[in-house]
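**Student:** entry_28.pdb is the file, holding PDB, C-alpha atoms:
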```
ATOM      1  CA  MET A 175     114.644  82.794 114.609
ATOM      2  CA  THR A 176     114.098  86.333 115.866
ATOM      3  CA  ASN A 177     114.460  88.798 112.989
ATOM      4  CA  ILE A 178     112.143  87.765 110.132
ATOM      5  CA  ARG A 179     112.625  89.150 106.630
ATOM      6  CA  ILE A 180     109.329  89.558 104.789
ATOM      7  CA  GLY A 181     108.418  89.909 101.133
ATOM      8  CA  LEU A 182     104.993  91.229 100.177
ATOM      9  CA  ILE A 183     103.339  90.110  96.949
ATOM     10  CA  GLY A 184     100.605  92.592  96.157
ATOM     11  CA  PHE A 185     100.143  95.908  97.931
ATOM     12  CA  GLY A 186      96.508  96.801  97.352
ATOM     13  CA  SER A 187      94.077  98.239  99.868
ATOM     14  CA  TRP A 188      93.936  95.091 102.022
ATOM     15  CA  ALA A 189      97.725  94.818 102.336
ATOM     16  CA  ARG A 190      97.892  98.530 103.163
ATOM     17  CA  LYS A 191      95.141  98.404 105.801
ATOM     18  CA  ALA A 192      95.909  95.031 107.343
ATOM     19  CA  TYR A 193      99.363  93.629 106.564
ATOM     20  CA  ALA A 194     101.543  96.730 106.697
ATOM     21  CA  PRO A 195     100.490  98.159 110.100
ATOM     22  CA  ALA A 196     100.485  94.703 111.717
ATOM     23  CA  LEU A 197     104.028  94.069 110.500
ATOM     24  CA  ILE A 198     105.336  97.547 111.293
ATOM     25  CA  SER A 199     104.269  97.090 114.926
ATOM     26  CA  ASP A 200     106.689  94.132 115.278
ATOM     27  CA  GLN A 201     110.256  95.376 115.869
ATOM     28  CA  ASP A 202     111.753  92.038 114.816
ATOM     29  CA  ILE A 203     110.256  92.226 111.326
ATOM     30  CA  GLU A 204     111.952  93.679 108.270
ATOM     31  CA  ILE A 205     109.985  94.197 105.059
ATOM     32  CA  VAL A 206     112.701  93.797 102.442
ATOM     33  CA  ALA A 207     110.749  93.464  99.186
ATOM     34  CA  VAL A 208     107.421  94.321  97.572
ATOM     35  CA  ALA A 209     106.164  92.903  94.277
ATOM     36  CA  ALA A 210     103.426  94.890  92.544
ATOM     37  CA  ARG A 211     102.464  95.638  88.973
ATOM     38  CA  THR A 212     102.231  99.420  88.845
ATOM     39  CA  ASP A 213     104.421 102.403  89.689
ATOM     40  CA  GLN A 214     101.500 103.887  91.633
ATOM     41  CA  THR A 215     101.385 100.840  93.910
ATOM     42  CA  HIS A 216     105.130 100.963  94.546
ATOM     43  CA  LEU A 217     104.849 104.675  95.319
ATOM     44  CA  ALA A 218     102.080 103.924  97.844
ATOM     45  CA  ALA A 219     104.270 101.231  99.405
ATOM     46  CA  ARG A 220     107.133 103.691  99.845
ATOM     47  CA  GLU A 221     104.838 106.251 101.421
ATOM     48  CA  ILE A 222     103.752 103.665 104.007
ATOM     49  CA  LEU A 223     106.862 101.504 104.441
ATOM     50  CA  GLY A 224     109.669 103.945 103.698
ATOM     51  CA  THR A 225     112.495 103.322 101.242
ATOM     52  CA  GLY A 226     114.240 100.344 102.805
ATOM     53  CA  PHE A 227     112.802  97.670 100.507
ATOM     54  CA  GLN A 228     113.398  96.499  96.944
ATOM     55  CA  SER A 229     110.600  96.866  94.369
ATOM     56  CA  TYR A 230     109.710  94.171  91.844
ATOM     57  CA  THR A 231     107.101  93.980  89.108
ATOM     58  CA  ASP A 232     107.495  90.172  88.801
ATOM     59  CA  TYR A 233     106.931  88.290  92.032
ATOM     60  CA  ASN A 234     109.031  85.376  90.761
ATOM     61  CA  THR A 235     112.091  87.633  90.941
ATOM     62  CA  LEU A 236     111.231  88.419  94.566
ATOM     63  CA  LEU A 237     110.928  84.704  95.305
ATOM     64  CA  GLU A 238     114.428  84.054  93.923
ATOM     65  CA  ARG A 239     115.973  85.984  96.821
ATOM     66  CA  ASP A 240     117.611  83.705  99.388
ATOM     67  CA  ASP A 241     117.387  86.304 102.146
ATOM     68  CA  ILE A 242     113.563  86.365 102.312
ATOM     69  CA  ASP A 243     112.165  84.110 105.042
ATOM     70  CA  ALA A 244     108.428  84.569 104.547
ATOM     71  CA  VAL A 245     105.987  85.894 101.977
ATOM     72  CA  MET A 246     102.592  87.443 102.571
ATOM     73  CA  ILE A 247     100.325  87.255  99.541
ATOM     74  CA  GLY A 248      97.750  89.996  99.085
ATOM     75  CA  MET A 249      96.579  88.973  95.613
ATOM     76  CA  PRO A 250      93.037  88.429  94.293
ATOM     77  CA  SER A 251      91.709  84.939  94.974
ATOM     78  CA  ASP A 252      91.806  83.988  91.287
ATOM     79  CA  SER A 253      95.610  84.295  91.291
ATOM     80  CA  GLY A 254      96.288  83.268  94.882
ATOM     81  CA  THR A 255      96.825  79.571  94.192
ATOM     82  CA  ASP A 256      99.505  80.149  91.544
ATOM     83  CA  THR A 257     101.312  82.619  93.791
ATOM     84  CA  ALA A 258     101.149  80.364  96.851
ATOM     85  CA  GLN A 259     102.437  77.437  94.790
ATOM     86  CA  ALA A 260     105.388  79.479  93.551
ATOM     87  CA  THR A 261     106.123  80.574  97.135
ATOM     88  CA  ILE A 262     106.099  77.007  98.456
ATOM     89  CA  ASN A 263     108.349  75.972  95.566
ATOM     90  CA  ALA A 264     110.739  78.755  96.592
ATOM     91  CA  ASP A 265     110.895  77.257 100.115
ATOM     92  CA  LYS A 266     109.394  80.285 101.871
ATOM     93  CA  HIS A 267     106.874  80.505 104.688
ATOM     94  CA  VAL A 268     103.470  81.460 103.249
ATOM     95  CA  PHE A 269     100.639  83.696 104.467
ATOM     96  CA  PHE A 270      97.726  83.737 102.024
ATOM     97  CA  GLU A 271      94.159  84.957 101.710
ATOM     98  CA  PRO A 272      91.524  82.271 101.124
ATOM     99  CA  PRO A 273      89.568  81.006  99.357
ATOM    100  CA  LEU A 274      91.866  79.234  96.917
ATOM    101  CA  GLU A 275      90.452  78.214  93.558
ATOM    102  CA  ASP A 276      88.708  74.879  93.030
ATOM    103  CA  SER A 277      91.324  73.186  90.848
ATOM    104  CA  PRO A 278      93.820  70.291  90.763
ATOM    105  CA  LEU A 279      96.569  72.880  91.373
ATOM    106  CA  THR A 280      95.050  73.722  94.757
ATOM    107  CA  GLU A 281      94.915  70.034  95.675
ATOM    108  CA  LYS A 282      98.586  69.697  94.717
ATOM    109  CA  LEU A 283      99.490  72.835  96.661
ATOM    110  CA  LEU A 284      97.766  71.668  99.851
ATOM    111  CA  ASP A 285      99.395  68.247  99.617
ATOM    112  CA  GLN A 286     102.811  69.838  99.118
ATOM    113  CA  ALA A 287     102.254  72.302 101.963
ATOM    114  CA  ALA A 288     101.314  69.453 104.320
ATOM    115  CA  LYS A 289     104.662  67.789 103.606
ATOM    116  CA  SER A 290     106.709  70.990 103.868
ATOM    117  CA  ASP A 291     108.482  72.202 107.001
ATOM    118  CA  ARG A 292     107.536  75.780 106.093
ATOM    119  CA  VAL A 293     104.597  77.548 107.735
ATOM    120  CA  PHE A 294     101.552  77.606 105.457
ATOM    121  CA  HIS A 295      99.069  79.959 107.077
ATOM    122  CA  ALA A 296      95.559  80.707 105.819
ATOM    123  CA  ASP A 297      94.311  84.089 107.009
ATOM    124  CA  LEU A 298      91.219  82.885 108.866
ATOM    125  CA  GLU A 299      90.943  85.813 111.261
ATOM    126  CA  LEU A 300      87.909  84.774 113.316
ATOM    127  CA  ARG A 301      89.679  81.614 114.454
ATOM    128  CA  TYR A 302      92.257  83.782 116.216
ATOM    129  CA  LEU A 303      89.863  86.060 118.100
ATOM    130  CA  PRO A 304      90.328  86.021 121.896
ATOM    131  CA  CYS A 305      86.563  85.645 122.402
ATOM    132  CA  VAL A 306      86.500  82.574 120.139
ATOM    133  CA  ASP A 307      89.318  81.111 122.243
ATOM    134  CA  THR A 308      87.251  81.836 125.367
ATOM    135  CA  LEU A 309      84.264  80.171 123.775
ATOM    136  CA  LEU A 310      86.354  77.101 122.888
ATOM    137  CA  LYS A 311      87.656  76.781 126.445
ATOM    138  CA  ILE A 312      84.115  76.908 127.846
ATOM    139  CA  THR A 313      82.986  74.107 125.527
ATOM    140  CA  GLU A 314      85.871  71.981 126.795
ATOM    141  CA  LEU A 315      84.609  72.177 130.382
ATOM    142  CA  GLN A 316      83.223  68.843 131.535
ATOM    143  CA  ASP A 317      80.114  70.513 132.970
ATOM    144  CA  PHE A 318      79.213  72.023 129.583
ATOM    145  CA  GLY A 319      78.787  68.576 128.073
ATOM    146  CA  THR A 320      79.071  67.534 124.463
ATOM    147  CA  VAL A 321      78.627  70.273 121.880
ATOM    148  CA  GLN A 322      75.414  69.724 119.934
ATOM    149  CA  PHE A 323      74.807  72.807 117.780
ATOM    150  CA  ILE A 324      76.978  75.710 116.579
ATOM    151  CA  HIS A 325      75.407  78.752 114.938
ATOM    152  CA  VAL A 326      77.263  81.637 113.279
ATOM    153  CA  SER A 327      75.360  84.635 111.914
ATOM    154  CA  LEU A 328      76.534  87.403 109.585
ATOM    155  CA  GLU A 329      74.426  90.474 108.928
ATOM    156  CA  ASN A 330      75.407  93.480 106.789
ATOM    157  CA  ASP A 331      74.552  95.405 103.619
ATOM    158  CA  TRP A 332      77.496  94.282 101.467
ATOM    159  CA  ALA A 333      75.319  93.076  98.561
ATOM    160  CA  HIS A 334      74.136  96.658  98.068
ATOM    161  CA  HIS A 335      77.695  97.926  97.667
ATOM    162  CA  TRP A 336      79.472  95.232  95.666
ATOM    163  CA  ASP A 337      79.732  96.046  91.966
ATOM    164  CA  LEU A 338      78.735  92.509  90.936
ATOM    165  CA  ASP A 339      75.972  90.931  88.897
ATOM    166  CA  GLU A 340      73.614  88.358  90.434
ATOM    167  CA  ALA A 341      75.723  85.358  89.375
ATOM    168  CA  GLU A 342      78.840  86.920  90.877
ATOM    169  CA  LEU A 343      76.985  87.772  94.082
ATOM    170  CA  THR A 344      75.886  84.147  94.403
ATOM    171  CA  ARG A 345      79.462  82.915  93.996
ATOM    172  CA  MET A 346      80.644  85.546  96.462
ATOM    173  CA  VAL A 347      78.347  84.146  99.160
ATOM    174  CA  THR A 348      79.934  80.715  98.813
ATOM    175  CA  GLY A 349      83.390  82.284  98.971
ATOM    176  CA  LEU A 350      82.489  84.272 102.089
ATOM    177  CA  SER A 351      81.435  81.076 103.818
ATOM    178  CA  THR A 352      85.179  80.319 104.200
ATOM    179  CA  TRP A 353      85.498  82.631 107.199
ATOM    180  CA  TYR A 354      82.155  81.908 108.855
ATOM    181  CA  ILE A 355      82.218  78.121 108.767
ATOM    182  CA  ASP A 356      85.780  78.218 110.090
ATOM    183  CA  PRO A 357      84.783  78.879 113.751
ATOM    184  CA  ILE A 358      82.443  75.891 113.446
ATOM    185  CA  ASP A 359      85.360  73.808 112.176
ATOM    186  CA  LEU A 360      87.502  75.015 115.077
ATOM    187  CA  LEU A 361      85.018  73.842 117.694
ATOM    188  CA  VAL A 362      84.228  70.518 116.037
ATOM    189  CA  GLY A 363      87.789  69.752 114.971
ATOM    190  CA  HIS A 364      86.993  67.513 112.023
ATOM    191  CA  ALA A 365      85.335  67.653 108.628
ATOM    192  CA  ALA A 366      81.605  67.855 108.009
ATOM    193  CA  GLN A 367      79.973  64.868 106.343
ATOM    194  CA  THR A 368      77.272  66.738 104.425
ATOM    195  CA  VAL A 369      76.367  70.350 103.711
ATOM    196  CA  GLN A 370      73.516  72.276 102.156
ATOM    197  CA  ILE A 371      73.228  75.960 101.319
ATOM    198  CA  VAL A 372      69.937  77.763 100.784
ATOM    199  CA  GLY A 373      69.389  81.339  99.608
ATOM    200  CA  ALA A 374      72.813  82.205  98.182
ATOM    201  CA  GLU A 375      71.168  83.504  94.999
ATOM    202  CA  HIS A 376      69.330  86.080  97.136
ATOM    203  CA  GLN A 377      72.252  86.705  99.536
ATOM    204  CA  VAL A 378      69.887  85.867 102.406
ATOM    205  CA  GLY A 379      69.796  82.326 103.737
ATOM    206  CA  HIS A 380      71.863  79.722 105.540
ATOM    207  CA  ALA A 381      74.388  76.922 105.128
ATOM    208  CA  ARG A 382      73.900  73.776 107.202
ATOM    209  CA  LEU A 383      76.742  71.405 108.144
ATOM    210  CA  SER A 384      76.211  67.901 109.546
ATOM    211  CA  PHE A 385      79.002  65.996 111.303
ATOM    212  CA  LYS A 386      79.438  62.281 111.934
ATOM    213  CA  ASP A 387      79.059  62.594 115.724
ATOM    214  CA  GLY A 388      75.642  64.240 115.466
ATOM    215  CA  VAL A 389      76.872  67.823 115.823
ATOM    216  CA  GLU A 390      75.062  70.319 113.594
ATOM    217  CA  GLY A 391      76.458  73.629 112.416
ATOM    218  CA  GLN A 392      74.776  76.534 110.667
ATOM    219  CA  TRP A 393      76.009  79.714 109.038
ATOM    220  CA  GLN A 394      73.160  82.191 108.663
ATOM    221  CA  PHE A 395      73.729  85.141 106.344
ATOM    222  CA  ASN A 396      71.890  88.306 105.390
ATOM    223  CA  LEU A 397      73.964  90.491 103.091
ATOM    224  CA  ARG A 398      71.027  92.765 102.271
ATOM    225  CA  SER A 399      70.272  93.906 105.795
ATOM    226  CA  THR A 400      69.480  97.481 106.748
ATOM    227  CA  ASN A 401      70.621  96.721 110.296
ATOM    228  CA  GLU A 402      74.055  97.328 111.741
ATOM    229  CA  PHE A 403      76.894  95.014 110.706
ATOM    230  CA  SER A 404      77.141  92.077 113.095
ATOM    231  CA  VAL A 405      78.877  88.715 113.488
ATOM    232  CA  LYS A 406      77.551  86.536 116.285
ATOM    233  CA  MET A 407      78.004  82.970 117.443
ATOM    234  CA  LYS A 408      75.979  80.613 119.617
ATOM    235  CA  VAL A 409      77.031  77.199 120.888
ATOM    236  CA  THR A 410      74.638  74.760 122.512
ATOM    237  CA  GLY A 411      75.900  71.889 124.627
ATOM    238  CA  GLU A 412      74.261  69.132 126.654
ATOM    239  CA  HIS A 413      74.157  71.286 129.790
ATOM    240  CA  GLY A 414      74.763  74.843 128.637
ATOM    241  CA  GLU A 415      74.793  77.553 126.008
ATOM    242  CA  ILE A 416      77.213  80.311 125.003
ATOM    243  CA  GLN A 417      76.441  83.445 123.013
ATOM    244  CA  ALA A 418      79.215  85.663 121.686
ATOM    245  CA  ASP A 419      79.436  88.899 119.734
ATOM    246  CA  LEU A 420      82.589  88.403 117.677
ATOM    247  CA  LEU A 421      82.980  92.102 116.909
ATOM    248  CA  SER A 422      82.814  93.384 120.484
ATOM    249  CA  GLY A 423      84.212  90.263 122.153
ATOM    250  CA  GLU A 424      81.306  90.036 124.616
ATOM    251  CA  CYS A 425      80.347  86.525 125.746
ATOM    252  CA  HIS A 426      77.430  85.296 127.858
ATOM    253  CA  TRP A 427      77.100  81.698 128.951
ATOM    254  CA  ASN A 428      75.210  79.426 131.250
ATOM    255  CA  ILE A 429      76.192  75.994 132.496
ATOM    256  CA  GLY A 430      73.297  74.448 134.331
ATOM    257  CA  SER A 431      71.942  77.195 136.601
ATOM    258  CA  SER A 432      75.211  79.154 136.628
ATOM    259  CA  LEU A 433      75.270  82.371 134.534
ATOM    260  CA  ASN A 434      78.458  84.192 133.566
ATOM    261  CA  SER A 435      79.642  86.843 131.142
ATOM    262  CA  GLY A 436      82.849  88.486 130.048
ATOM    263  CA  THR A 437      84.575  90.406 127.291
ATOM    264  CA  SER A 438      87.630  89.187 125.388
ATOM    265  CA  SER A 439      88.352  91.980 122.943
ATOM    266  CA  CYS A 440      90.536  91.702 119.866
ATOM    267  CA  LEU A 441      93.700  93.764 119.533
ATOM    268  CA  GLN A 442      93.232  97.440 118.788
ATOM    269  CA  PRO A 443      93.221  99.181 116.464
ATOM    270  CA  VAL A 444      91.325  96.807 114.222
ATOM    271  CA  LEU A 445      93.354  96.457 111.031
ATOM    272  CA  GLY A 446      91.017  95.638 108.172
ATOM    273  CA  PHE A 447      88.881  93.208 110.171
ATOM    274  CA  VAL A 448      88.625  91.799 113.694
ATOM    275  CA  GLY A 449      91.287  89.166 114.314
ATOM    276  CA  MET A 450      93.676  90.421 111.624
ATOM    277  CA  GLN A 451      96.402  91.462 114.048
ATOM    278  CA  GLU A 452      96.003  88.161 115.883
ATOM    279  CA  SER A 453      96.292  86.198 112.635
ATOM    280  CA  VAL A 454      99.487  87.990 111.564
ATOM    281  CA  ARG A 455     101.005  87.514 115.023
ATOM    282  CA  ALA A 456     100.132  83.817 114.934
ATOM    283  CA  PHE A 457     101.896  83.489 111.567
ATOM    284  CA  LEU A 458     105.034  85.165 112.895
ATOM    285  CA  ALA A 459     104.943  83.092 116.093
ATOM    286  CA  ALA A 460     104.745  79.906 114.022
ATOM    287  CA  ILE A 461     107.782  80.980 111.990
ATOM    288  CA  ARG A 462     109.693  81.599 115.233
ATOM    289  CA  GLY A 463     108.723  78.128 116.451
ATOM    290  CA  GLU A 464     106.772  79.498 119.416
ATOM    291  CA  LYS A 465     103.412  77.915 118.538
ATOM    292  CA  PRO A 466     102.128  76.069 115.439
ATOM    293  CA  THR A 467      99.688  77.858 113.180
ATOM    294  CA  GLN A 468      96.035  76.993 113.815
ATOM    295  CA  SER A 469      95.142  77.496 110.152
ATOM    296  CA  GLY A 470      97.641  75.310 108.370
ATOM    297  CA  PRO A 471      97.163  73.006 105.374
ATOM    298  CA  GLY A 472      95.186  70.361 107.274
ATOM    299  CA  VAL A 473      92.654  72.847 108.596
ATOM    300  CA  TYR A 474      92.407  74.750 105.352
ATOM    301  CA  SER A 475      91.953  71.497 103.377
ATOM    302  CA  ARG A 476      88.838  70.758 105.451
ATOM    303  CA  ILE A 477      87.487  74.258 104.862
ATOM    304  CA  HIS A 478      88.322  74.083 101.158
ATOM    305  CA  ASN A 479      86.516  70.764 100.707
ATOM    306  CA  THR A 480      83.500  72.086 102.607
ATOM    307  CA  ILE A 481      83.326  75.144 100.360
ATOM    308  CA  LYS A 482      83.544  72.980  97.254
ATOM    309  CA  ALA A 483      80.609  70.943  98.551
ATOM    310  CA  LEU A 484      78.645  74.135  99.278
ATOM    311  CA  GLY A 485      79.210  75.222  95.684
ATOM    312  CA  LYS A 486      77.838  71.902  94.435
ATOM    313  CA  SER A 487      74.900  72.183  96.821
ATOM    314  CA  GLN A 488      74.120  75.638  95.471
ATOM    315  CA  THR A 489      74.166  74.334  91.889
ATOM    316  CA  SER A 490      72.104  71.206  92.581
ATOM    317  CA  ASN A 491      69.861  72.692  95.290
ATOM    318  CA  THR A 492      70.406  69.519  97.367
ATOM    319  CA  GLU A 493      72.331  68.276 100.357
ATOM    320  CA  THR A 494      75.882  67.396  99.233
ATOM    321  CA  THR A 495      78.541  65.055 100.623
ATOM    322  CA  VAL A 496      81.882  66.602 101.557
ATOM    323  CA  GLU A 497      84.773  64.821  99.875
TER     324      GLU A 497
END
```
Write the structure described by the file as structure tokens, please.

**Tutor:**
Amino acid sequence: MTNIRIGLIGFGSWARKAYAPALISDQDIEIVAVAARTDQTHLAAREILGTGFQSYTDYNTLLERDDIDAVMIGMPSDSGTDTAQATINADKHVFFEPPLEDSPLTEKLLDQAAKSDRVFHADLELRYLPCVDTLLKITELQDFGTVQFIHVSLENDWAHHWDLDEAELTRMVTGLSTWYIDPIDLLVGHAAQTVQIVGAEHQVGHARLSFKDGVEGQWQFNLRSTNEFSVKMKVTGEHGEIQADLLSGECHWNIGSSLNSGTSSCLQPVLGFVGMQESVRAFLAAIRGEKPTQSGPGVYSRIHNTIKALGKSQTSNTETTVE
């Protein structure tokens, strides 16, 4: 497949900043339909995309079209599972924004997606960053030795700007963990056994992940920082260590007495968030059969189960087993 016909469900700020420009840059993509609830949203879509698409207020009508190959869902997380389920049922390729809700419907969706021959792609942008790929390749070097500890840190002032009460802020921290435990999952390649989260109620703390082979992972977060926004990663192996700035793409590593550094920048301009262009391109490449998605139902199922366990850990204030 070369020319891919896309339907967009939802055209809010994220779809406008991230989806639309990433798709427009691909000459073999045609956006043929947009489903949105309001006239204002459809007007915004026409200002950005032109007039060559059909508007719908009911996304189910969009999904009935036989000429749409793939659907990108830019809906709030509380409606994302229903929409993704309807898209899978319509036999379309799916691009969705995690996290999905904790419900039997999500379990059914992930099981169905795993059995489908359609691409089911979770938008886990950090996984697709060139510097994360560089980091992964270094850990695979024999001289680096077995990975022992993976640390991801997030620092920003988001808690000061979100219009949420304390309970909602606490839940938001658990939801955010989706993206920041994902690079840990990428390097380890299998599910955590146990997890524990501390400090979510204050938006300053950490989540710890323990794996069966002795590897430890940690996501450290400070959403009330007065310092500059940063996302960093450190990996410790038997014979070396890597430090990476995921925003700039700069990496520094040592293996034994050998020191090296380099920069693997993400595509520019940054659309919404670092790795967004890479994630969209990976989705399209998977549809074309060039390379399988790295964030399909198997990977996302692991992340989803880890997040569920983090939610239980937050409630019980104890270490929790991942199902």

**Student:** What separation in Å, quoted to one decimal, exists between atom CA of A:Ser327 and atom CA of A:Lys406?

**Tutor:** 5.2 Å

**Student:** A:Lys191, A:Lys408, A:Lys486, A:His413: which is nearest A:Phe318, counting all atoms listed in the file?

**Tutor:**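 Ranked by minimum distance to A:Phe318, first place goes to A:His413.
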
**Student:** Determine the residue membership of the PyMOL selection byres ((chain A and resi 368-375) around 8) for the file above and supply it as a ChimeraX atom specification.

**Tutor:** /A:340-341,343-345,347-348,366-367,376-385,480,483-484,487-488,491-496

**Student:** List, as a list in words, every residue that the PyMOL selection byres ((chain A and resi 444) around 12) selects in the file provided.

**Tutor:**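 The output of the PyMOL selection byres ((chain A and resi 444) around 12) on this file is Lys191, Ala192, Tyr193, Pro195, Ala196, Glu299, Leu303, Leu421, Ser422, Ser439, Cys440, Leu441, Gln442, Pro443, Leu445, Gly446, Phe447, Val448, Gly449, Met450, Gln451, Glu452 and Ser453 of chain A.
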
**Student:** Interatomic distance between atom CA of A:Ala333 and atom CA of A:Asn396?

**Tutor:**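 Atom CA of A:Asn396 lies 9.0 Å from atom CA of A:Ala333.
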
**Student:** Give as a list in words the residues that the PyMOL selection byres ((chain A and resi 456-469) around 7) matches when applied to the coordinates above.

**Tutor:** Met175, Thr176, Val293, His295, Ala296, Leu298, Glu452, Ser453, Val454, Arg455, Gly470, Pro471, Val473 and Tyr474 of chain A

**Student:** Measuring between all atoms listed in the file, which one of A:Thr225, A:Thr410, A:Ser435, A:Thr261 shows the shortest distance to A:Ile324?

**Tutor:**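 Answer, going by the shortest atom-to-atom distance: A:Thr410.
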
**Student:** Write out as an MDAnalysis selection string the residues lying within 9 Å of A:Cys305, counting only C-alpha atoms and excluding same-chain residues fewer than 6 positions away.

**Tutor:** chainID A and resid 418:420 422:425 436:440

**Student:** Missing atoms in stretch 382-404 of chain A: can you complete it with N, CA and C atoms, as a short mmCIF file (atom, residue, chain, number, x, y, z; two decimals), keeping the file's coordinate frame?

**Tutor:**
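part-v8.cif was written with the following content:
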```
data_model
loop_
_atom_site.label_atom_id
_atom_site.label_comp_id
_atom_site.auth_asym_id
_atom_site.auth_seq_id
_atom_site.Cartn_x
_atom_site.Cartn_y
_atom_site.Cartn_z
N ARG A 382 73.99 74.76 106.12
CA ARG A 382 73.90 73.78 107.20
C ARG A 382 75.00 72.74 107.04
N LEU A 383 75.67 72.39 108.14
CA LEU A 383 76.74 71.40 108.14
C LEU A 383 76.38 70.30 109.13
N SER A 384 76.50 69.05 108.68
CA SER A 384 76.21 67.90 109.55
C SER A 384 77.49 67.09 109.73
N PHE A 385 77.78 66.71 110.98
CA PHE A 385 79.00 66.00 111.30
C PHE A 385 78.67 64.58 111.76
N LYS A 386 79.66 63.70 111.69
CA LYS A 386 79.44 62.28 111.93
C LYS A 386 79.00 61.99 113.36
N ASP A 387 79.39 62.84 114.32
CA ASP A 387 79.06 62.59 115.72
C ASP A 387 77.75 63.25 116.14
N GLY A 388 76.95 63.67 115.16
CA GLY A 388 75.64 64.24 115.47
C GLY A 388 75.64 65.74 115.68
N VAL A 389 76.81 66.37 115.68
CA VAL A 389 76.87 67.82 115.82
C VAL A 389 76.33 68.48 114.55
N GLU A 390 75.57 69.54 114.73
CA GLU A 390 75.06 70.32 113.59
C GLU A 390 75.65 71.73 113.66
N GLY A 391 75.98 72.27 112.50
CA GLY A 391 76.46 73.63 112.42
C GLY A 391 75.63 74.40 111.41
N GLN A 392 75.52 75.71 111.61
CA GLN A 392 74.78 76.53 110.67
C GLN A 392 75.42 77.91 110.55
N TRP A 393 75.61 78.34 109.31
CA TRP A 393 76.01 79.71 109.04
C TRP A 393 74.81 80.43 108.43
N GLN A 394 74.30 81.41 109.14
CA GLN A 394 73.16 82.19 108.66
C GLN A 394 73.68 83.53 108.14
N PHE A 395 73.22 83.92 106.95
CA PHE A 395 73.73 85.14 106.34
C PHE A 395 72.59 86.01 105.81
N ASN A 396 72.78 87.30 105.98
CA ASN A 396 71.89 88.31 105.39
C ASN A 396 72.78 89.46 104.93
N LEU A 397 73.08 89.47 103.64
CA LEU A 397 73.96 90.49 103.09
C LEU A 397 73.18 91.65 102.48
N ARG A 398 71.89 91.68 102.75
CA ARG A 398 71.03 92.76 102.27
C ARG A 398 70.31 93.44 103.44
N SER A 399 70.90 93.37 104.60
CA SER A 399 70.27 93.91 105.80
C SER A 399 70.38 95.43 105.83
N THR A 400 69.40 96.04 106.46
CA THR A 400 69.48 97.48 106.75
C THR A 400 69.93 97.71 108.18
N ASN A 401 70.17 96.62 108.92
CA ASN A 401 70.62 96.72 110.30
C ASN A 401 72.14 96.86 110.36
N GLU A 402 72.63 97.14 111.54
CA GLU A 402 74.06 97.33 111.74
C GLU A 402 74.81 96.02 111.48
N PHE A 403 76.02 96.15 110.96
CA PHE A 403 76.89 95.01 110.71
C PHE A 403 77.11 94.22 111.99
N SER A 404 76.94 92.90 111.90
CA SER A 404 77.14 92.08 113.10
C SER A 404 77.64 90.69 112.71
#
```
